[in-house]
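Below is final-v6.pdb, holding PDB, C-alpha atoms and all ligand atoms.
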ATOM      1  CA  MET A   1     -16.606  21.114  25.984
ATOM      2  CA  ASN A   2     -13.363  20.516  27.882
ATOM      3  CA  TYR A   3     -10.152  20.483  25.876
ATOM      4  CA  ILE A   4      -7.861  17.978  27.576
ATOM      5  CA  VAL A   5      -4.151  18.233  26.760
ATOM      6  CA  PHE A   6      -2.469  15.209  28.262
ATOM      7  CA  ASP A   7       0.860  13.435  28.372
ATOM      8  CA  LEU A   8       1.928  10.055  29.708
ATOM      9  CA  GLU A   9       5.236   8.687  30.878
ATOM     10  CA  TRP A  10       5.713   4.950  30.618
ATOM     11  CA  ASN A  11       8.215   2.298  31.549
ATOM     12  CA  GLN A  12       9.202  -0.856  29.695
ATOM     13  CA  SER A  13      10.649  -4.207  30.642
ATOM     14  CA  PRO A  14      13.962  -3.558  32.443
ATOM     15  CA  GLY A  15      15.131  -6.997  31.317
ATOM     16  CA  GLY A  16      14.675  -6.263  27.615
ATOM     17  CA  LYS A  17      12.251  -7.733  25.147
ATOM     18  CA  LYS A  18      12.377 -11.343  26.289
ATOM     19  CA  ASN A  19      10.980 -10.417  29.712
ATOM     20  CA  SER A  20       8.429  -8.036  28.278
ATOM     21  CA  ASN A  21       4.739  -8.674  28.831
ATOM     22  CA  SER A  22       3.303  -8.683  25.301
ATOM     23  CA  ARG A  23      -0.053  -7.430  26.552
ATOM     24  CA  LEU A  24       1.624  -4.461  28.211
ATOM     25  CA  PRO A  25       4.950  -3.562  26.600
ATOM     26  CA  PHE A  26       4.691  -0.017  27.996
ATOM     27  CA  GLU A  27       3.426   0.414  31.523
ATOM     28  CA  ILE A  28       2.140   3.912  32.266
ATOM     29  CA  ILE A  29       3.820   5.434  35.331
ATOM     30  CA  GLU A  30       2.588   9.001  35.177
ATOM     31  CA  ILE A  31      -0.393  10.923  33.805
ATOM     32  CA  GLY A  32      -0.241  14.706  33.451
ATOM     33  CA  ALA A  33      -2.875  16.938  31.892
ATOM     34  CA  VAL A  34      -4.147  20.473  31.599
ATOM     35  CA  LYS A  35      -7.771  21.379  30.980
ATOM     36  CA  LEU A  36      -8.558  24.274  28.637
ATOM     37  CA  ASN A  37     -11.925  25.931  28.115
ATOM     38  CA  GLU A  38     -13.337  26.671  24.658
ATOM     39  CA  GLN A  39     -11.305  29.889  24.517
ATOM     40  CA  PHE A  40      -8.162  27.796  25.121
ATOM     41  CA  GLU A  41      -7.633  29.269  28.576
ATOM     42  CA  THR A  42      -6.145  26.904  31.162
ATOM     43  CA  VAL A  43      -8.703  26.170  33.865
ATOM     44  CA  ASP A  44      -7.280  23.154  35.712
ATOM     45  CA  SER A  45      -4.485  20.603  35.826
ATOM     46  CA  PHE A  46      -4.109  16.933  36.763
ATOM     47  CA  GLN A  47      -1.131  14.858  37.799
ATOM     48  CA  ARG A  48      -0.803  11.335  39.197
ATOM     49  CA  LEU A  49       2.196   9.083  39.735
ATOM     50  CA  ILE A  50       1.404   5.431  39.218
ATOM     51  CA  LYS A  51       2.759   2.560  41.225
ATOM     52  CA  PRO A  52       4.024  -0.076  38.775
ATOM     53  CA  GLN A  53       2.410  -3.520  38.886
ATOM     54  CA  VAL A  54       4.062  -5.231  35.936
ATOM     55  CA  TYR A  55       7.683  -4.075  35.709
ATOM     56  CA  ASN A  56       9.496  -3.836  39.006
ATOM     57  CA  TRP A  57      12.391  -1.629  37.975
ATOM     58  CA  ILE A  58      12.855   1.307  35.627
ATOM     59  CA  HIS A  59      14.450   0.513  32.293
ATOM     60  CA  ASP A  60      17.767   2.366  31.905
ATOM     61  CA  SER A  61      16.796   4.142  28.700
ATOM     62  CA  ILE A  62      13.609   5.392  30.368
ATOM     63  CA  HIS A  63      15.546   6.526  33.429
ATOM     64  CA  GLU A  64      17.816   8.630  31.272
ATOM     65  CA  VAL A  65      14.927  10.643  29.898
ATOM     66  CA  ILE A  66      12.277  10.915  32.526
ATOM     67  CA  HIS A  67      13.984  11.517  35.873
ATOM     68  CA  VAL A  68      11.517   9.696  38.071
ATOM     69  CA  ASN A  69      13.040   7.371  40.557
ATOM     70  CA  TYR A  70      11.584   4.095  41.588
ATOM     71  CA  LYS A  71      11.153   5.135  45.215
ATOM     72  CA  ASP A  72       8.884   7.997  44.164
ATOM     73  CA  LEU A  73       6.854   5.676  42.003
ATOM     74  CA  MET A  74       6.199   3.415  44.964
ATOM     75  CA  LYS A  75       4.321   6.351  46.500
ATOM     76  CA  GLY A  76       2.043   6.402  43.457
ATOM     77  CA  ILE A  77      -1.454   4.961  43.147
ATOM     78  CA  PRO A  78      -2.481   1.882  41.100
ATOM     79  CA  PHE A  79      -3.218   2.495  37.424
ATOM     80  CA  PRO A  80      -6.944   1.608  37.628
ATOM     81  CA  GLN A  81      -7.471   4.312  40.249
ATOM     82  CA  ALA A  82      -5.396   6.909  38.384
ATOM     83  CA  ALA A  83      -7.158   6.183  35.086
ATOM     84  CA  ARG A  84     -10.595   6.365  36.664
ATOM     85  CA  GLU A  85      -9.756   9.680  38.339
ATOM     86  CA  PHE A  86      -8.302  11.024  35.120
ATOM     87  CA  LEU A  87     -11.313  10.140  32.958
ATOM     88  CA  GLU A  88     -13.691  11.510  35.585
ATOM     89  CA  TRP A  89     -11.676  14.732  35.729
ATOM     90  CA  CYS A  90     -11.910  14.999  31.898
ATOM     91  CA  GLY A  91     -15.732  15.062  32.050
ATOM     92  CA  ASP A  92     -18.220  13.633  29.575
ATOM     93  CA  GLU A  93     -17.893  16.470  27.096
ATOM     94  CA  ARG A  94     -14.196  16.317  26.321
ATOM     95  CA  CYS A  95     -11.794  16.245  23.485
ATOM     96  CA  PHE A  96      -8.154  15.091  23.648
ATOM     97  CA  PHE A  97      -4.957  16.797  22.486
ATOM     98  CA  THR A  98      -1.555  15.071  22.629
ATOM     99  CA  TRP A  99       1.951  15.531  21.261
ATOM    100  CA  GLY A 100       2.312  12.691  18.741
ATOM    101  CA  ASN A 101       0.111   9.659  18.207
ATOM    102  CA  GLN A 102       1.372   7.231  20.832
ATOM    103  CA  ASP A 103      -0.155   8.471  24.094
ATOM    104  CA  LEU A 104      -3.751   7.669  23.213
ATOM    105  CA  MET A 105      -2.807   4.208  22.077
ATOM    106  CA  GLU A 106      -0.830   3.404  25.232
ATOM    107  CA  LEU A 107      -3.627   4.771  27.404
ATOM    108  CA  GLN A 108      -6.066   2.381  25.709
ATOM    109  CA  ARG A 109      -3.645  -0.542  25.887
ATOM    110  CA  ASN A 110      -3.163  -0.014  29.633
ATOM    111  CA  LEU A 111      -6.936   0.321  30.111
ATOM    112  CA  LYS A 112      -7.442  -2.919  28.202
ATOM    113  CA  TYR A 113      -4.840  -4.704  30.331
ATOM    114  CA  TYR A 114      -6.883  -3.835  33.420
ATOM    115  CA  GLU A 115     -10.169  -4.658  31.629
ATOM    116  CA  MET A 116     -11.273  -1.031  31.783
ATOM    117  CA  LEU A 117     -11.363  -0.166  28.099
ATOM    118  CA  TYR A 118     -15.144   0.288  28.254
ATOM    119  CA  LEU A 119     -14.393   3.604  30.006
ATOM    120  CA  LEU A 120     -12.952   4.975  26.761
ATOM    121  CA  PRO A 121     -14.933   3.572  23.818
ATOM    122  CA  GLY A 122     -13.201   3.913  20.444
ATOM    123  CA  PRO A 123     -12.247   4.697  17.763
ATOM    124  CA  VAL A 124     -11.138   7.798  19.673
ATOM    125  CA  ARG A 125     -11.148  11.159  17.951
ATOM    126  CA  TYR A 126      -8.306  13.457  19.044
ATOM    127  CA  TYR A 127      -5.903  16.148  17.905
ATOM    128  CA  ASN A 128      -2.245  15.349  17.349
ATOM    129  CA  VAL A 129      -0.579  18.692  18.146
ATOM    130  CA  GLN A 130       2.758  17.477  16.734
ATOM    131  CA  LYS A 131       1.114  16.876  13.352
ATOM    132  CA  ILE A 132      -0.856  20.136  13.481
ATOM    133  CA  PHE A 133       2.354  22.049  14.329
ATOM    134  CA  SER A 134       3.870  20.585  11.147
ATOM    135  CA  ILE A 135       0.826  21.496   9.051
ATOM    136  CA  CYS A 136       0.815  25.053  10.403
ATOM    137  CA  PHE A 137       4.522  25.897  10.465
ATOM    138  CA  GLU A 138       6.323  23.323   8.310
ATOM    139  CA  ASP A 139       5.763  20.927   5.445
ATOM    140  CA  ARG A 140       3.028  18.706   6.980
ATOM    141  CA  GLY A 141       5.276  15.652   6.862
ATOM    142  CA  ILE A 142       8.091  16.392   9.293
ATOM    143  CA  ARG A 143       7.662  15.534  12.998
ATOM    144  CA  ARG A 144       9.504  17.682  15.548
ATOM    145  CA  SER A 145      10.207  17.203  19.233
ATOM    146  CA  LEU A 146       8.133  19.177  21.711
ATOM    147  CA  GLU A 147      11.236  21.091  22.767
ATOM    148  CA  HIS A 148      11.910  22.063  19.157
ATOM    149  CA  ALA A 149       8.394  23.518  18.891
ATOM    150  CA  ILE A 150       8.818  25.420  22.177
ATOM    151  CA  ASP A 151      12.073  26.983  20.914
ATOM    152  CA  PHE A 152      10.575  27.725  17.502
ATOM    153  CA  LEU A 153       7.666  29.610  19.068
ATOM    154  CA  ASN A 154       9.845  31.378  21.698
ATOM    155  CA  ILE A 155       7.855  29.944  24.562
ATOM    156  CA  GLU A 156       9.467  30.415  27.950
ATOM    157  CA  LYS A 157      10.873  27.215  29.476
ATOM    158  CA  LYS A 158       9.763  27.075  33.078
ATOM    159  CA  GLU A 159      10.057  23.390  33.807
ATOM    160  CA  ASP A 160      12.038  20.359  32.690
ATOM    161  CA  PHE A 161      10.729  18.329  29.802
ATOM    162  CA  HIS A 162       9.770  14.657  30.078
ATOM    163  CA  ARG A 163       7.570  14.835  33.095
ATOM    164  CA  ALA A 164       3.941  14.330  32.247
ATOM    165  CA  LEU A 165       2.488  17.558  33.613
ATOM    166  CA  ALA A 166       5.272  19.732  32.203
ATOM    167  CA  ASP A 167       4.925  18.177  28.745
ATOM    168  CA  ALA A 168       1.139  18.580  28.855
ATOM    169  CA  TYR A 169       1.638  22.232  29.835
ATOM    170  CA  TYR A 170       4.099  22.779  26.952
ATOM    171  CA  THR A 171       1.836  20.998  24.451
ATOM    172  CA  GLY A 172      -0.968  23.317  25.556
ATOM    173  CA  ALA A 173       1.342  26.314  25.132
ATOM    174  CA  VAL A 174       2.089  25.271  21.527
ATOM    175  CA  LEU A 175      -1.602  24.712  20.876
ATOM    176  CA  LYS A 176      -2.418  28.247  22.026
ATOM    177  CA  LYS A 177      -0.069  29.647  19.360
ATOM    178  CA  ILE A 178      -1.769  27.842  16.481
ATOM    179  CA  ASP A 179      -4.572  29.445  14.512
ATOM    180  CA  TRP A 180      -7.873  27.589  15.037
ATOM    181  CA  ASP A 181      -8.334  27.185  11.283
ATOM    182  CA  TYR A 182      -5.365  24.811  11.356
ATOM    183  CA  ILE A 183      -6.523  22.885  14.398
ATOM    184  CA  PHE A 184     -10.132  21.882  14.002
ATOM    185  CA  PRO A 185     -10.180  20.520  10.425
ATOM    186  CA  ASN A 186      -7.100  18.413  11.182
ATOM    187  CA  TYR A 187      -8.389  15.982  13.770
ATOM    188  CA  SER A 188      -7.106  12.400  13.963
ATOM    189  CA  ILE A 189      -8.810   9.129  14.751
ATOM    190  CA  ASP A 190      -7.015   6.574  16.871
ATOM    191  CA  VAL A 191      -7.964   3.114  15.640
ATOM    192  CA  TYR A 192      -6.488   0.988  18.420
ATOM    193  CA  GLN A 193     -10.160  -0.007  18.808
ATOM    194  CA  ASN A 194     -10.462  -0.663  15.099
ATOM    195  CA  PRO A 195     -13.758  -1.004  13.178
ATOM    196  CA  LYS A 196     -15.130  -4.537  13.427
ATOM    197  CA  SER A 197     -18.030  -4.480  10.975
ATOM    198  CA  ARG A 198     -18.790  -2.792   7.679
ATOM    199  CA  LYS A 199     -21.086  -0.388   9.514
ATOM    200  CA  GLU A 200     -18.211   0.800  11.717
ATOM    201  CA  GLU A 201     -15.790   1.459   8.854
ATOM    202  CA  ILE A 202     -14.308   4.962   8.866
ATOM    203  CA  HIS A 203     -14.346   7.417   5.962
ATOM    204  CA  ILE A 204     -12.797  10.856   6.534
ATOM    205  CA  SER A 205     -12.381  13.656   4.031
ATOM    206  CA  TYR A 206      -9.582  16.119   4.769
ATOM    207  CA  PRO A 207      -8.912  19.196   2.647
ATOM    208  CA  ALA A 208      -5.975  17.468   0.924
ATOM    209  CA  TYR A 209      -6.829  13.749   1.038
ATOM    210  CA  ASP A 210      -9.278  11.016   2.049
ATOM    211  CA  ILE A 211      -8.747   8.284   4.638
ATOM    212  CA  TYR A 212     -10.596   5.005   4.918
ATOM    213  CA  VAL A 213     -10.222   2.393   7.675
ATOM    214  CA  SER A 214     -11.721  -0.990   6.843
ATOM    215  CA  ARG A 215     -13.459  -3.512   9.065
ATOM    216  CA  GLU A 216     -11.290  -6.434  10.179
ATOM    217  CA  PHE A 217     -10.532  -9.576   8.229
ATOM    218  CA  ASP A 218      -9.404 -12.995   9.453
ATOM    219  CA  ASP A 219      -6.885 -13.436   6.731
ATOM    220  CA  LYS A 220      -4.518 -10.974   5.171
ATOM    221  CA  GLU A 221      -4.865 -12.213   1.608
ATOM    222  CA  ARG A 222      -8.560 -11.408   1.427
ATOM    223  CA  ILE A 223      -8.217  -7.711   2.202
ATOM    224  CA  MET A 224      -6.935  -6.541  -1.168
ATOM    225  CA  LYS A 225      -9.694  -8.493  -2.908
ATOM    226  CA  ASP A 226     -12.365  -6.505  -1.087
ATOM    227  CA  ARG A 227     -14.044  -4.017  -3.432
ATOM    228  CA  GLU A 228     -14.332  -1.194  -0.929
ATOM    229  CA  VAL A 229     -10.691  -1.566   0.143
ATOM    230  CA  SER A 230      -9.361  -1.557  -3.414
ATOM    231  CA  SER A 231     -11.677   1.174  -4.749
ATOM    232  CA  THR A 232     -10.053   4.457  -5.785
ATOM    233  CA  ARG A 233     -12.518   7.306  -5.612
ATOM    234  CA  CYS A 234     -11.233  10.810  -6.269
ATOM    235  CA  PRO A 235     -10.766  12.571  -2.886
ATOM    236  CA  VAL A 236     -12.232  15.803  -4.300
ATOM    237  CA  CYS A 237     -15.430  14.731  -6.119
ATOM    238  CA  HIS A 238     -15.690  11.143  -4.805
ATOM    239  CA  ILE A 239     -16.422   9.766  -8.263
ATOM    240  CA  PRO A 240     -14.518   6.532  -9.085
ATOM    241  CA  ALA A 241     -11.158   7.399 -10.630
ATOM    242  CA  LYS A 242      -9.928   5.149 -13.415
ATOM    243  CA  ARG A 243      -7.055   2.866 -12.404
ATOM    244  CA  LYS A 244      -3.816   3.531 -14.312
ATOM    245  CA  ILE A 245      -1.482   1.436 -12.150
ATOM    246  CA  ARG A 246      -2.993  -1.478 -10.287
ATOM    247  CA  TRP A 247      -2.282  -1.927  -6.576
ATOM    248  CA  PHE A 248       1.275  -3.203  -6.118
ATOM    249  CA  MET A 249       3.376  -3.696  -3.012
ATOM    250  CA  ASN A 250       6.368  -1.401  -2.603
ATOM    251  CA  ASN A 251       9.563  -2.132  -0.654
ATOM    252  CA  SER A 252       8.126  -1.039   2.680
ATOM    253  CA  LYS A 253       5.164  -3.432   2.355
ATOM    254  CA  ILE A 254       2.718  -0.686   1.504
ATOM    255  CA  TYR A 255       0.389  -1.111  -1.466
ATOM    256  CA  GLU A 256       0.320   1.758  -3.930
ATOM    257  CA  SER A 257      -1.785   2.610  -6.965
ATOM    258  CA  LEU A 258      -2.385   5.388  -9.453
ATOM    259  CA  SER A 259      -5.737   6.457 -10.888
ATOM    260  CA  VAL A 260      -7.080   9.382 -12.871
ATOM    261  CA  CYS A 261     -10.128  11.535 -12.215
ATOM    262  CA  GLN A 262     -11.260  13.285 -15.385
ATOM    263  CA  LYS A 263     -11.828  16.516 -13.483
ATOM    264  CA  HIS A 264      -9.084  16.518 -10.840
ATOM    265  CA  GLY A 265      -6.189  14.625 -12.378
ATOM    266  CA  PHE A 266      -3.966  11.948 -10.828
ATOM    267  CA  VAL A 267      -4.985  10.193  -7.610
ATOM    268  CA  ARG A 268      -2.336   8.293  -5.684
ATOM    269  CA  GLY A 269      -3.499   5.537  -3.375
ATOM    270  CA  LYS A 270      -1.719   3.924  -0.433
ATOM    271  CA  ILE A 271      -2.881   0.983   1.637
ATOM    272  CA  LYS A 272      -1.248  -0.188   4.852
ATOM    273  CA  ILE A 273      -2.345  -3.497   6.279
ATOM    274  CA  ARG A 274      -2.397  -3.437  10.078
ATOM    275  CA  ARG A 275      -2.511  -6.366  12.446
ATOM    276  CA  THR A 276      -4.588  -6.276  15.642
ATOM    277  CA  GLU A 277      -3.550  -7.789  18.984
ATOM    278  CA  GLU A 278      -6.059 -10.564  18.244
ATOM    279  CA  GLU A 279      -4.224 -11.463  15.001
ATOM    280  CA  LYS A 280      -6.880  -9.982  12.733
ATOM    281  CA  PHE A 281      -6.136  -7.591   9.878
ATOM    282  CA  TYR A 282      -7.530  -4.301   8.615
ATOM    283  CA  ALA A 283      -6.605  -1.778   5.954
ATOM    284  CA  VAL A 284      -5.877   1.939   6.208
ATOM    285  CA  LYS A 285      -6.190   3.602   2.825
ATOM    286  CA  THR A 286      -5.162   7.129   1.813
ATOM    287  CA  LEU A 287      -6.186   8.711  -1.486
ATOM    288  CA  ARG A 288      -4.573  11.976  -2.499
ATOM    289  CA  VAL A 289      -4.591  14.149  -5.636
ATOM    290  CA  VAL A 290      -0.995  14.426  -6.905
ATOM    291  CA  THR A 291       0.930  16.200  -9.653
ATOM    292  CA  MET A 292       2.029  14.697 -12.950
ATOM    293  CA  GLU A 293       5.605  14.472 -11.550
ATOM    294  CA  ASP A 294       4.392  12.426  -8.573
ATOM    295  CA  ALA A 295       2.497  10.159 -10.944
ATOM    296  CA  GLU A 296       5.590   9.692 -13.096
ATOM    297  CA  GLU A 297       7.715   8.929 -10.033
ATOM    298  CA  LEU A 298       5.282   6.210  -8.986
ATOM    299  CA  ARG A 299       5.318   4.726 -12.476
ATOM    300  CA  GLU A 300       9.130   4.527 -12.360
ATOM    301  CA  LYS A 301       9.055   2.982  -8.907
ATOM    302  CA  ARG A 302       6.705   0.250 -10.050
ATOM    303  CA  GLU A 303       8.810  -0.352 -13.171
ATOM    304  CA  SER A 304      12.067  -0.743 -11.216
ATOM    305  CA  LEU A 305      10.380  -3.104  -8.731
ATOM    306  CA  ARG A 306       9.078  -5.164 -11.640
ATOM    307  CA  LEU A 307      12.547  -5.395 -13.196
ATOM    308  CA  LYS A 308      14.104  -6.432  -9.899
ATOM    309  CA  LYS A 309      11.552  -9.203  -9.509
ATOM    310  CA  GLN A 310      12.243 -10.409 -13.039
ATOM    311  CA  MET A 311      15.981 -10.524 -12.367
ATOM    312  CA  LYS A 312      15.430 -12.480  -9.191
ATOM    313  CA  ARG A 313      13.261 -15.003 -11.006
ATOM    314  CA  ARG A 314      15.900 -15.460 -13.679
ATOM    315  CA  LEU A 315      18.638 -15.983 -11.118
ATOM    316  CA  THR A 316      16.795 -18.624  -9.150
TER
HETATM  317 ZN    ZN B   1     -12.484  14.238  -8.990
END

Have the structure of the file written as structure tokens, please.
Ligand SMILES: [Zn+2]
Amino acid sequence: MNYIVFDLEWNQSPGGKKNSNSRLPFEIIEIGAVKLNEQFETVDSFQRLIKPQVYNWIHDSIHEVIHVNYKDLMKGIPFPQAAREFLEWCGDERCFFTWGNQDLMELQRNLKYYEMLYLLPGPVRYYNVQKIFSICFEDRGIRRSLEHAIDFLNIEKKEDFHRALADAYYTGAVLKKIDWDYIFPNYSIDVYQNPKSRKEEIHISYPAYDIYVSREFDDKERIMKDREVSSTRCPVCHIPAKRKIRWFMNNSKIYESLSVCQKHGFVRGKIKIRRTEEEKFYAVKTLRVVTMEDAEELREKRESLRLKKQMKRRLT
């Protein structure tokens, strides 16, 4: 098994959103990666500059952070060639590590743009080192910059940040400092290539919570009526937990619910509805055992939302 730690740099429309290509809002301009063996020793590295095909100038905000100039990029190779070389270099037996959750998605979006997505079938399993750093050293929820993690772990800074190979190298350096017990149970699944059928739906059990990703639906309203989507099984014993607060939508358009498992106590549910590029919809559900205080907080949240709605109705 090859452990591939990679990082991408991308450009966006220099003319702002109105000139952006909606199929490719972020055009990859550099791929950098290091290959680790199963003992996490670095065995190889990979770096390619990519000649842009979609955006013909570097967006100012990108220029400020990544220090690549357009002249250098013109010496790069086309994305299809770079991507093919990269995936070949990764090998068949490989597993991805990235800082954050965006790189894998943008890689797939660029592959799709060039009709090459078949080279990386999804959903793609990977490790988000930024998230694992938080689980290992912080509170699980907070997300730090790569440079913050490097300082925190006293790793020597040899190269500038925000070039693909350097960031891949630094991400690998952070990874090497994390105990394996924190890494391997905490994998992520990128659902840019979301489940299409019931058979492809994803169920994952983590130590602290369960995640479910539904198949896709044509219309948004039908999702919450689906029995599997709205079910609330306890993440510990997987027996249906009795609903105490029905699914309701909170202010950030996330559905929430509260249930009780007789053995394991309160179970808090969250459902986010996601839209695909083809205008279909799917649900991502999280079920987590919570404390009585968390349960009470949710009850109050629902109550205040209900009151606000009532007031609105009275005023109109
Ligand atoms: Zn239970």

Go through the shown structure with the PyMOL selection byres (((chain A and resi 200-207) around 10) and not hetatm) and write out the matching residues as a ChimeraX atom specification. /A:123,185-189,191,194-199,208-216,235-236,238,284-288

Exercise answer, 12 Å around ligand ZN 1 (chain B) with only C-alpha atoms and all ligand atoms, as number ranges by chain: A: 209-210, 232-242, 259-267, 287-290

Residue by residue, what does the PyMOL selection byres (((chain A and resi 90) around 12) and not hetatm) grab here? Present the result as a ChimeraX atom specification. /A:1-6,32-37,43-46,83-89,91-97,119-120

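Proximity to Ser304 (chain A) was assessed for A:Ile245, A:Ile271, A:Lys177, A:Asn250 counting all atoms listed in the file; the smallest distance is recorded for A:Asn250.
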
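Our summary of the geometry notes that CA of Tyr126 (chain A) is positioned 28.6 Å from CA of Asp226 (chain A).
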
For His59 (chain A): contacts at 7 Å, only C-alpha atoms, fewer than 5 positions along chain excluded, given as a count of residues only: 4

Compile the contact shell of Phe137 (chain A) as a PDB file with C-alpha atoms, in the coordinates of the input: residues with an atom at most 12 Å away, counting all atoms listed in the file, same-chain residues fewer than 3 positions apart removed.
ATOM      1  CA  VAL A 129      -0.579  18.692  18.146  1.00  0.00           C
ATOM      2  CA  GLN A 130       2.758  17.477  16.734  1.00  0.00           C
ATOM      3  CA  LYS A 131       1.114  16.876  13.352  1.00  0.00           C
ATOM      4  CA  ILE A 132      -0.856  20.136  13.481  1.00  0.00           C
ATOM      5  CA  PHE A 133       2.354  22.049  14.329  1.00  0.00           C
ATOM      6  CA  SER A 134       3.870  20.585  11.147  1.00  0.00           C
ATOM      7  CA  ARG A 140       3.028  18.706   6.980  1.00  0.00           C
ATOM      8  CA  GLY A 141       5.276  15.652   6.862  1.00  0.00           C
ATOM      9  CA  ILE A 142       8.091  16.392   9.293  1.00  0.00           C
ATOM     10  CA  ARG A 143       7.662  15.534  12.998  1.00  0.00           C
ATOM     11  CA  ARG A 144       9.504  17.682  15.548  1.00  0.00           C
ATOM     12  CA  ALA A 149       8.394  23.518  18.891  1.00  0.00           C
ATOM     13  CA  PHE A 152      10.575  27.725  17.502  1.00  0.00           C
ATOM     14  CA  LEU A 153       7.666  29.610  19.068  1.00  0.00           C
ATOM     15  CA  VAL A 174       2.089  25.271  21.527  1.00  0.00           C
ATOM     16  CA  LYS A 177      -0.069  29.647  19.360  1.00  0.00           C
ATOM     17  CA  ILE A 178      -1.769  27.842  16.481  1.00  0.00           C
ATOM     18  CA  ASP A 179      -4.572  29.445  14.512  1.00  0.00           C
ATOM     19  CA  TYR A 182      -5.365  24.811  11.356  1.00  0.00           C
TER      20      TYR A 182
END
